[in-house]
Amino acid sequence: MNRDTVNILCKLFDLDEKVVKFVHSKEKLICNKFEEIDQIKEYNQYKVINSMQEAKLSSTDFNWTTGYGYGDIGRDKVEEIYASVFNTEDALVRPTIASGTHAITLTLSGLLRPNDEFISITGSPYDTLQKVIGVKGDREGTLLDYGIKYKEIPLKDGEINIEEVLNNISRNTKLLLIQRSTGYSDRKAITIDHMKEIIKKIKDKNNDVIIMIDNCYGEFLEKLEPTEVGADIMAGSLIKNPGGGLALSGGYIVGSSKLVEEVANRHTAPGLGKDCGLTFGTTRNTLQGLFLAPHVVSEAVKGALLVGIVYKELGFEIVPEIDDIRSDIIQAVKFNCPDKVVEFCKGIQSASVVDSYVTPIPWEMPGYEDKVIMAAGGFVDGSSIELSADGPMRKPYYAYYQGGLTYEHCKLGVMKTLNNLYTKKLIKKLS
């Protein structure tokens, strides 16, 4: 980093020079890892390009339609491309899917019937999904309220406990759920290799059980996706990795034609399925975001590594570790102190290009049991592939960092977080 860059960072962003130099010195420790990230990016970029070419994507596919959406050829093209990218028979990709939680809920409610059982085999799922299931919050309208049975099997040493999984599959077990990402936990993301091994063992014993993946935050982290190693169906959000920062809203479900059809019938109505539903002119944003996604994800992963090395070198526990295989974009830092989580998130917010002047505070967000602080100043509201961070206000007080459309923006975010902690004497010294 040259003197001019140091000066402009200190002058324009009110950073302490010691902070800038400290982050730059730690950046040197991870640069050797960038080549592997770029190799994954390149592989996935060509996969996306080929899918768009094979679908014969045309400029006319970006045109608007109205009403029922029967003639929405752009919608059909988006779904053809998504099915190709994730190597599945079919896809449901709609801007009317409000979030990743909505996509997962649609999938579960579309596939499960009263008295069916499903098991989360990666322990407790993400906070918002616990309220969907009915194990937290008001039970009315939840999956449990509709007579669906639920179990969860904790991880063992950070990995899926296959013995317990196989022992718990019964004739009523219809679906097994794997949450790829860490969520609000202290575990690493589930890698593709581990998923492949687990799925094979499950299918060898019971080929009829549905393996479902919550793929939020995991797209394009590795060369293969869960549906390429045996998963039957998968759900995610367009304002996370695959939207590339351009998708305005939406979610996706990819998998076998039969399963996607069942979910589509839940999304619209039985008999209408995928044939109905307008995309409101979002096709261009959705596909251009997907085109950029492998590159954007690689930038976010580099940013996560920088967060990890900076705070690890300061003595904080981090998840994942620097040398771990990364299977989501999240970098967690264990602060053991609520004030440090708040100042970290304030730093990310102040580095944002939208709403940088806003001060985030912990609040009672819908879907969460604890107060949550969220820093998110993106071009798309709530887009967690853009520079963002959050954390629940509960022990041991983790901050969860994710996103960043460019590595330089990620680096500024890291500097702003550290500057907050350093100037407020929540970190005694930089060494």
# chains A, B, ... in the order shown; residues from 1 in each chain; ligands from 1
$ residues_around --residues "Leu108 of chain A" --least-positions-apart "2" --cutoff "9 Å" --atoms "only C-alpha atoms" --output "PDB file with N, CA and C atoms, in the first residue's frame"
ATOM      1  N   ALA A 103     -38.014 -19.184   0.642  1.00  0.00           N
ATOM      2  CA  ALA A 103     -37.732 -20.259  -0.315  1.00  0.00           C
ATOM      3  C   ALA A 103     -37.675 -21.612   0.377  1.00  0.00           C
ATOM      4  N   ILE A 104     -37.040 -21.657   1.536  1.00  0.00           N
ATOM      5  CA  ILE A 104     -36.946 -22.908   2.309  1.00  0.00           C
ATOM      6  C   ILE A 104     -38.324 -23.329   2.807  1.00  0.00           C
ATOM      7  N   THR A 105     -39.098 -22.358   3.292  1.00  0.00           N
ATOM      8  CA  THR A 105     -40.447 -22.646   3.785  1.00  0.00           C
ATOM      9  C   THR A 105     -41.337 -23.181   2.670  1.00  0.00           C
ATOM     10  N   LEU A 106     -41.267 -22.558   1.491  1.00  0.00           N
ATOM     11  CA  LEU A 106     -42.032 -23.045   0.344  1.00  0.00           C
ATOM     12  C   LEU A 106     -41.689 -24.495   0.032  1.00  0.00           C
ATOM     13  N   GLY A 110     -44.256 -27.416   0.561  1.00  0.00           N
ATOM     14  CA  GLY A 110     -44.689 -28.020  -0.686  1.00  0.00           C
ATOM     15  C   GLY A 110     -44.479 -29.520  -0.739  1.00  0.00           C
ATOM     16  N   LEU A 111     -43.483 -30.011   0.003  1.00  0.00           N
ATOM     17  CA  LEU A 111     -43.132 -31.433  -0.076  1.00  0.00           C
ATOM     18  C   LEU A 111     -43.682 -32.273   1.073  1.00  0.00           C
ATOM     19  N   LEU A 112     -43.917 -31.636   2.214  1.00  0.00           N
ATOM     20  CA  LEU A 112     -44.323 -32.392   3.404  1.00  0.00           C
ATOM     21  C   LEU A 112     -45.841 -32.363   3.592  1.00  0.00           C
ATOM     22  N   PHE A 118     -39.670 -34.656   9.107  1.00  0.00           N
ATOM     23  CA  PHE A 118     -38.404 -34.236   8.527  1.00  0.00           C
ATOM     24  C   PHE A 118     -37.405 -33.979   9.644  1.00  0.00           C
ATOM     25  N   LEU A 143     -45.182 -25.405  10.685  1.00  0.00           N
ATOM     26  CA  LEU A 143     -45.187 -26.783  10.183  1.00  0.00           C
ATOM     27  C   LEU A 143     -45.704 -27.749  11.239  1.00  0.00           C
ATOM     28  N   LEU A 175     -37.990 -36.359   4.661  1.00  0.00           N
ATOM     29  CA  LEU A 175     -37.019 -35.373   4.191  1.00  0.00           C
ATOM     30  C   LEU A 175     -35.950 -35.130   5.249  1.00  0.00           C
ATOM     31  N   MET A 212     -32.650 -32.391   1.222  1.00  0.00           N
ATOM     32  CA  MET A 212     -32.849 -30.980   0.889  1.00  0.00           C
ATOM     33  C   MET A 212     -31.705 -30.158   1.457  1.00  0.00           C
ATOM     34  N   VAL A 263     -43.385 -27.953  -5.241  1.00  0.00           N
ATOM     35  CA  VAL A 263     -43.125 -26.659  -4.603  1.00  0.00           C
ATOM     36  C   VAL A 263     -43.805 -25.531  -5.377  1.00  0.00           C
TER      37      VAL A 263
END
$ residues_around --residues "Cys410 of chain A" --least-positions-apart "3" --cutoff "9 Å" --atoms "only C-alpha atoms" --output "PyMOL selection string"
chain A and resi 299-300+302-304+306-307+348+351+387+403-407+413-415
$ select_by_dssp --residues "segment 115-282 of chain A" --states "strand (DSSP E)" --output "JSON, numbers by chain"
{"A": [117, 118, 119, 120, 149, 150, 151, 152, 173, 174, 175, 176, 177, 178, 179, 210, 211, 212, 213, 214, 233, 234, 235, 236, 237, 251, 252, 253, 254, 255]}
$ residues_around --residues "Thr173 of chain A" --least-positions-apart "3" --cutoff "9 Å" --atoms "only C-alpha atoms" --output "PDB file with N, CA and C atoms, in the first residue's frame"
ATOM      1  N   ASP A 116     -45.971 -36.573   8.031  1.00  0.00           N
ATOM      2  CA  ASP A 116     -44.609 -36.742   7.526  1.00  0.00           C
ATOM      3  C   ASP A 116     -43.631 -36.213   8.562  1.00  0.00           C
ATOM      4  N   GLU A 117     -42.446 -36.789   8.569  1.00  0.00           N
ATOM      5  CA  GLU A 117     -41.393 -36.317   9.467  1.00  0.00           C
ATOM      6  C   GLU A 117     -40.235 -35.777   8.643  1.00  0.00           C
ATOM      7  N   PHE A 118     -39.670 -34.656   9.107  1.00  0.00           N
ATOM      8  CA  PHE A 118     -38.404 -34.236   8.527  1.00  0.00           C
ATOM      9  C   PHE A 118     -37.405 -33.979   9.644  1.00  0.00           C
ATOM     10  N   ILE A 119     -36.136 -34.168   9.311  1.00  0.00           N
ATOM     11  CA  ILE A 119     -35.073 -34.091  10.307  1.00  0.00           C
ATOM     12  C   ILE A 119     -34.018 -33.105   9.833  1.00  0.00           C
ATOM     13  N   LYS A 149     -44.087 -33.639  11.582  1.00  0.00           N
ATOM     14  CA  LYS A 149     -43.235 -33.992  12.719  1.00  0.00           C
ATOM     15  C   LYS A 149     -41.798 -33.573  12.433  1.00  0.00           C
ATOM     16  N   ASN A 168     -31.988 -42.672  13.032  1.00  0.00           N
ATOM     17  CA  ASN A 168     -33.228 -41.924  13.260  1.00  0.00           C
ATOM     18  C   ASN A 168     -34.163 -41.894  12.056  1.00  0.00           C
ATOM     19  N   ILE A 169     -33.712 -42.399  10.922  1.00  0.00           N
ATOM     20  CA  ILE A 169     -34.597 -42.451   9.755  1.00  0.00           C
ATOM     21  C   ILE A 169     -35.606 -43.583   9.949  1.00  0.00           C
ATOM     22  N   SER A 170     -36.881 -43.225   9.911  1.00  0.00           N
ATOM     23  CA  SER A 170     -37.954 -44.213  10.061  1.00  0.00           C
ATOM     24  C   SER A 170     -38.817 -44.216   8.806  1.00  0.00           C
ATOM     25  N   LEU A 176     -34.721 -34.991   4.793  1.00  0.00           N
ATOM     26  CA  LEU A 176     -33.602 -34.607   5.648  1.00  0.00           C
ATOM     27  C   LEU A 176     -33.094 -33.248   5.171  1.00  0.00           C
ATOM     28  N   VAL A 209     -35.732 -41.263   0.715  1.00  0.00           N
ATOM     29  CA  VAL A 209     -35.771 -40.071   1.553  1.00  0.00           C
ATOM     30  C   VAL A 209     -35.224 -38.883   0.751  1.00  0.00           C
ATOM     31  N   ILE A 210     -35.902 -37.740   0.882  1.00  0.00           N
ATOM     32  CA  ILE A 210     -35.511 -36.535   0.146  1.00  0.00           C
ATOM     33  C   ILE A 210     -34.396 -35.819   0.908  1.00  0.00           C
TER      34      ILE A 210
END
$ closest_residue --among "A:Ala55, A:Ala389, A:Ile97, A:Leu290" --to "Met374 of chain A" --atoms "only C-alpha atoms"
A:Ala389
$ atom_distance --atom1 "atom CA of Phe316 of chain A" --atom2 "atom CA of Val20 of chain A"
18.9 Å
$ closest_atom_pairs --of "segment 59-163 of chain A" --to "segment 225-235 of chain A" --cutoff "9 Å" --atoms "only C-alpha atoms" --output "CSV"
residue,atom,partner,partner_atom,distance
A:Phe86,CA,A:Thr227,CA,6.4
A:Asn87,CA,A:Glu228,CA,6.2
A:Thr88,CA,A:Thr227,CA,6.8
A:Gly100,CA,A:Ala235,CA,7.2
A:Thr101,CA,A:Ala235,CA,8.9
A:Ala103,CA,A:Ala235,CA,5.8
A:Ile104,CA,A:Ala235,CA,5.7
A:Thr107,CA,A:Ala235,CA,7.4
$ write_last_selection --atoms "C-alpha atoms" --output "mmCIF file, in the first residue's frame"
data_model
loop_
_atom_site.group_PDB
_atom_site.id
_atom_site.type_symbol
_atom_site.label_atom_id
_atom_site.label_comp_id
_atom_site.auth_asym_id
_atom_site.auth_seq_id
_atom_site.Cartn_x
_atom_site.Cartn_y
_atom_site.Cartn_z
ATOM 1 C CA PHE A 86 -26.994 -26.197 -10.619
ATOM 2 C CA ASN A 87 -27.166 -29.325 -12.803
ATOM 3 C CA THR A 88 -30.794 -30.161 -11.992
ATOM 4 C CA GLY A 100 -34.109 -17.404 1.697
ATOM 5 C CA THR A 101 -36.347 -18.349 4.614
ATOM 6 C CA ALA A 103 -37.732 -20.259 -0.315
ATOM 7 C CA ILE A 104 -36.946 -22.908 2.309
ATOM 8 C CA THR A 107 -39.961 -26.147 -0.256
#
$ residues_around --residues "Ser84 of chain A" --least-positions-apart "4" --cutoff "10 Å" --atoms "only C-alpha atoms" --output "list of chain:residue names"
A:Lys47, A:Val48, A:Asn50, A:Ser51, A:Met52, A:Glu54, A:Ala55, A:Val78, A:Glu79, A:Glu80, A:Thr88, A:Glu89, A:Asp90, A:Ala91, A:Val254
$ write_last_selection --atoms "C-alpha atoms" --output "mmCIF file, in the first residue's frame"
data_model
loop_
_atom_site.group_PDB
_atom_site.id
_atom_site.type_symbol
_atom_site.label_atom_id
_atom_site.label_comp_id
_atom_site.auth_asym_id
_atom_site.auth_seq_id
_atom_site.Cartn_x
_atom_site.Cartn_y
_atom_site.Cartn_z
ATOM 1 C CA LYS A 47 -20.148 -22.746 -16.060
ATOM 2 C CA VAL A 48 -22.533 -19.777 -15.867
ATOM 3 C CA ASN A 50 -22.103 -21.889 -20.871
ATOM 4 C CA SER A 51 -25.544 -22.218 -19.251
ATOM 5 C CA MET A 52 -26.641 -18.888 -20.699
ATOM 6 C CA GLU A 54 -26.933 -23.242 -24.091
ATOM 7 C CA ALA A 55 -30.279 -21.634 -23.225
ATOM 8 C CA VAL A 78 -34.144 -17.752 -16.071
ATOM 9 C CA GLU A 79 -35.389 -21.062 -14.727
ATOM 10 C CA GLU A 80 -33.789 -23.018 -17.554
ATOM 11 C CA THR A 88 -30.794 -30.161 -11.992
ATOM 12 C CA GLU A 89 -33.882 -31.126 -13.983
ATOM 13 C CA ASP A 90 -35.879 -28.023 -13.134
ATOM 14 C CA ALA A 91 -35.938 -24.743 -11.235
ATOM 15 C CA VAL A 254 -33.726 -26.249 -7.933
#
$ residues_around --residues "Thr66 of chain A" --least-positions-apart "6" --cutoff "10 Å" --atoms "only C-alpha atoms" --output "ChimeraX atom specification"
/A:72,277-281
$ closest_residue --among "A:Met1, A:Cys216, A:Val260, A:Val354" --to "Phe22 of chain A" --atoms "only C-alpha atoms"
A:Met1
$ residues_around --residues "Val135 of chain A" --least-positions-apart "3" --cutoff "12 Å" --atoms "only C-alpha atoms" --output "list in words"
Ser124, Pro125, Tyr126, Asp127, Thr128, Leu129, Gln130, Lys131, Val132, Asp138, Arg139, Glu140, Thr142, Leu143, Leu144, Asp145, Ile148, Lys149, Tyr150, Lys151, Glu152 and Glu369 of chain A
$ write_last_selection --atoms "N, CA and C atoms" --output "PDB file, in the first residue's frame"
ATOM      1  N   SER A 124     -29.682 -27.408  15.107  1.00  0.00           N
ATOM      2  CA  SER A 124     -30.743 -26.405  15.030  1.00  0.00           C
ATOM      3  C   SER A 124     -30.542 -25.511  13.822  1.00  0.00           C
ATOM      4  N   PRO A 125     -31.579 -25.318  13.014  1.00  0.00           N
ATOM      5  CA  PRO A 125     -31.442 -24.444  11.846  1.00  0.00           C
ATOM      6  C   PRO A 125     -31.407 -22.977  12.246  1.00  0.00           C
ATOM      7  N   TYR A 126     -31.229 -22.135  11.257  1.00  0.00           N
ATOM      8  CA  TYR A 126     -31.155 -20.688  11.450  1.00  0.00           C
ATOM      9  C   TYR A 126     -32.385 -20.171  12.186  1.00  0.00           C
ATOM     10  N   ASP A 127     -32.207 -19.093  12.939  1.00  0.00           N
ATOM     11  CA  ASP A 127     -33.235 -18.574  13.851  1.00  0.00           C
ATOM     12  C   ASP A 127     -34.607 -18.412  13.205  1.00  0.00           C
ATOM     13  N   THR A 128     -34.659 -17.807  12.009  1.00  0.00           N
ATOM     14  CA  THR A 128     -35.960 -17.558  11.381  1.00  0.00           C
ATOM     15  C   THR A 128     -36.674 -18.850  11.025  1.00  0.00           C
ATOM     16  N   LEU A 129     -35.923 -19.891  10.663  1.00  0.00           N
ATOM     17  CA  LEU A 129     -36.550 -21.155  10.291  1.00  0.00           C
ATOM     18  C   LEU A 129     -37.111 -21.882  11.514  1.00  0.00           C
ATOM     19  N   GLN A 130     -36.539 -21.646  12.680  1.00  0.00           N
ATOM     20  CA  GLN A 130     -37.068 -22.256  13.891  1.00  0.00           C
ATOM     21  C   GLN A 130     -38.498 -21.795  14.151  1.00  0.00           C
ATOM     22  N   LYS A 131     -38.794 -20.558  13.800  1.00  0.00           N
ATOM     23  CA  LYS A 131     -40.169 -20.063  13.955  1.00  0.00           C
ATOM     24  C   LYS A 131     -41.090 -20.611  12.870  1.00  0.00           C
ATOM     25  N   VAL A 132     -40.539 -20.881  11.709  1.00  0.00           N
ATOM     26  CA  VAL A 132     -41.319 -21.521  10.645  1.00  0.00           C
ATOM     27  C   VAL A 132     -41.718 -22.932  11.067  1.00  0.00           C
ATOM     28  N   ASP A 138     -44.565 -18.317  18.330  1.00  0.00           N
ATOM     29  CA  ASP A 138     -45.964 -18.727  18.238  1.00  0.00           C
ATOM     30  C   ASP A 138     -46.076 -19.928  17.295  1.00  0.00           C
ATOM     31  N   ARG A 139     -46.782 -20.975  17.743  1.00  0.00           N
ATOM     32  CA  ARG A 139     -46.856 -22.202  16.955  1.00  0.00           C
ATOM     33  C   ARG A 139     -47.930 -22.158  15.870  1.00  0.00           C
ATOM     34  N   GLU A 140     -48.824 -21.192  15.943  1.00  0.00           N
ATOM     35  CA  GLU A 140     -49.946 -21.151  14.998  1.00  0.00           C
ATOM     36  C   GLU A 140     -49.451 -20.931  13.568  1.00  0.00           C
ATOM     37  N   THR A 142     -47.508 -22.837  11.849  1.00  0.00           N
ATOM     38  CA  THR A 142     -46.197 -23.411  11.601  1.00  0.00           C
ATOM     39  C   THR A 142     -46.313 -24.826  11.039  1.00  0.00           C
ATOM     40  N   LEU A 143     -45.182 -25.405  10.685  1.00  0.00           N
ATOM     41  CA  LEU A 143     -45.187 -26.783  10.183  1.00  0.00           C
ATOM     42  C   LEU A 143     -45.704 -27.749  11.239  1.00  0.00           C
ATOM     43  N   LEU A 144     -45.301 -27.551  12.473  1.00  0.00           N
ATOM     44  CA  LEU A 144     -45.798 -28.417  13.553  1.00  0.00           C
ATOM     45  C   LEU A 144     -47.305 -28.277  13.713  1.00  0.00           C
ATOM     46  N   ASP A 145     -47.804 -27.076  13.541  1.00  0.00           N
ATOM     47  CA  ASP A 145     -49.247 -26.838  13.655  1.00  0.00           C
ATOM     48  C   ASP A 145     -50.017 -27.592  12.575  1.00  0.00           C
ATOM     49  N   ILE A 148     -46.964 -31.771  10.847  1.00  0.00           N
ATOM     50  CA  ILE A 148     -45.685 -32.290  10.366  1.00  0.00           C
ATOM     51  C   ILE A 148     -44.773 -32.513  11.563  1.00  0.00           C
ATOM     52  N   LYS A 149     -44.087 -33.639  11.582  1.00  0.00           N
ATOM     53  CA  LYS A 149     -43.235 -33.992  12.719  1.00  0.00           C
ATOM     54  C   LYS A 149     -41.798 -33.573  12.433  1.00  0.00           C
ATOM     55  N   TYR A 150     -41.085 -33.248  13.505  1.00  0.00           N
ATOM     56  CA  TYR A 150     -39.749 -32.681  13.336  1.00  0.00           C
ATOM     57  C   TYR A 150     -38.770 -33.220  14.371  1.00  0.00           C
ATOM     58  N   LYS A 151     -37.549 -33.475  13.905  1.00  0.00           N
ATOM     59  CA  LYS A 151     -36.432 -33.831  14.782  1.00  0.00           C
ATOM     60  C   LYS A 151     -35.209 -33.046  14.327  1.00  0.00           C
ATOM     61  N   GLU A 152     -34.242 -32.939  15.215  1.00  0.00           N
ATOM     62  CA  GLU A 152     -32.949 -32.407  14.799  1.00  0.00           C
ATOM     63  C   GLU A 152     -31.833 -33.206  15.445  1.00  0.00           C
ATOM     64  N   GLU A 369     -35.484 -14.543  18.132  1.00  0.00           N
ATOM     65  CA  GLU A 369     -35.784 -14.596  19.562  1.00  0.00           C
ATOM     66  C   GLU A 369     -35.037 -13.508  20.327  1.00  0.00           C
TER      67      GLU A 369
END
$ closest_residue --among "A:Glu164, A:Glu313, A:Glu159, A:Glu343" --to "Lys429 of chain A" --atoms "only C-alpha atoms"
A:Glu313
$ select_by_dssp --residues "segment 231-363 of chain A" --states "helix (DSSP H, G or I)" --output "MDAnalysis selection string"
chainID A and resid 241:243 257:267 273:275 283:313 338:351
$ decode --residues "segment 36-49 of chain A" --atoms "N, CA and C atoms" --output "short mmCIF file (atom, residue, chain, number, x, y, z; two decimals), in the first residue's frame"
data_model
loop_
_atom_site.label_atom_id
_atom_site.label_comp_id
_atom_site.auth_asym_id
_atom_site.auth_seq_id
_atom_site.Cartn_x
_atom_site.Cartn_y
_atom_site.Cartn_z
N GLU A 36 -6.19 -19.72 -5.27
CA GLU A 36 -7.18 -20.81 -5.25
C GLU A 36 -8.60 -20.27 -5.37
N ILE A 37 -8.87 -19.14 -4.71
CA ILE A 37 -10.18 -18.51 -4.83
C ILE A 37 -10.45 -18.12 -6.27
N ASP A 38 -9.45 -17.58 -6.93
CA ASP A 38 -9.61 -17.17 -8.33
C ASP A 38 -9.82 -18.37 -9.25
N GLN A 39 -9.22 -19.50 -8.93
CA GLN A 39 -9.43 -20.70 -9.74
C GLN A 39 -10.88 -21.18 -9.65
N ILE A 40 -11.45 -21.14 -8.45
CA ILE A 40 -12.85 -21.51 -8.26
C ILE A 40 -13.75 -20.53 -9.01
N LYS A 41 -13.42 -19.24 -8.90
CA LYS A 41 -14.18 -18.20 -9.61
C LYS A 41 -14.19 -18.47 -11.11
N GLU A 42 -13.02 -18.74 -11.66
CA GLU A 42 -12.91 -18.95 -13.11
C GLU A 42 -13.74 -20.15 -13.56
N TYR A 43 -13.65 -21.24 -12.81
CA TYR A 43 -14.40 -22.45 -13.13
C TYR A 43 -15.91 -22.15 -13.16
N ASN A 44 -16.38 -21.49 -12.11
CA ASN A 44 -17.82 -21.20 -12.01
C ASN A 44 -18.27 -20.17 -13.03
N GLN A 45 -17.38 -19.24 -13.37
CA GLN A 45 -17.74 -18.24 -14.38
C GLN A 45 -18.02 -18.89 -15.72
N TYR A 46 -17.17 -19.84 -16.11
CA TYR A 46 -17.38 -20.52 -17.39
C TYR A 46 -18.64 -21.38 -17.35
N LYS A 47 -18.93 -21.95 -16.20
CA LYS A 47 -20.15 -22.75 -16.06
C LYS A 47 -21.39 -21.87 -16.28
N VAL A 48 -21.40 -20.69 -15.71
CA VAL A 48 -22.53 -19.78 -15.87
C VAL A 48 -22.65 -19.31 -17.31
N ILE A 49 -21.53 -18.92 -17.91
CA ILE A 49 -21.56 -18.47 -19.31
C ILE A 49 -22.12 -19.56 -20.21
#
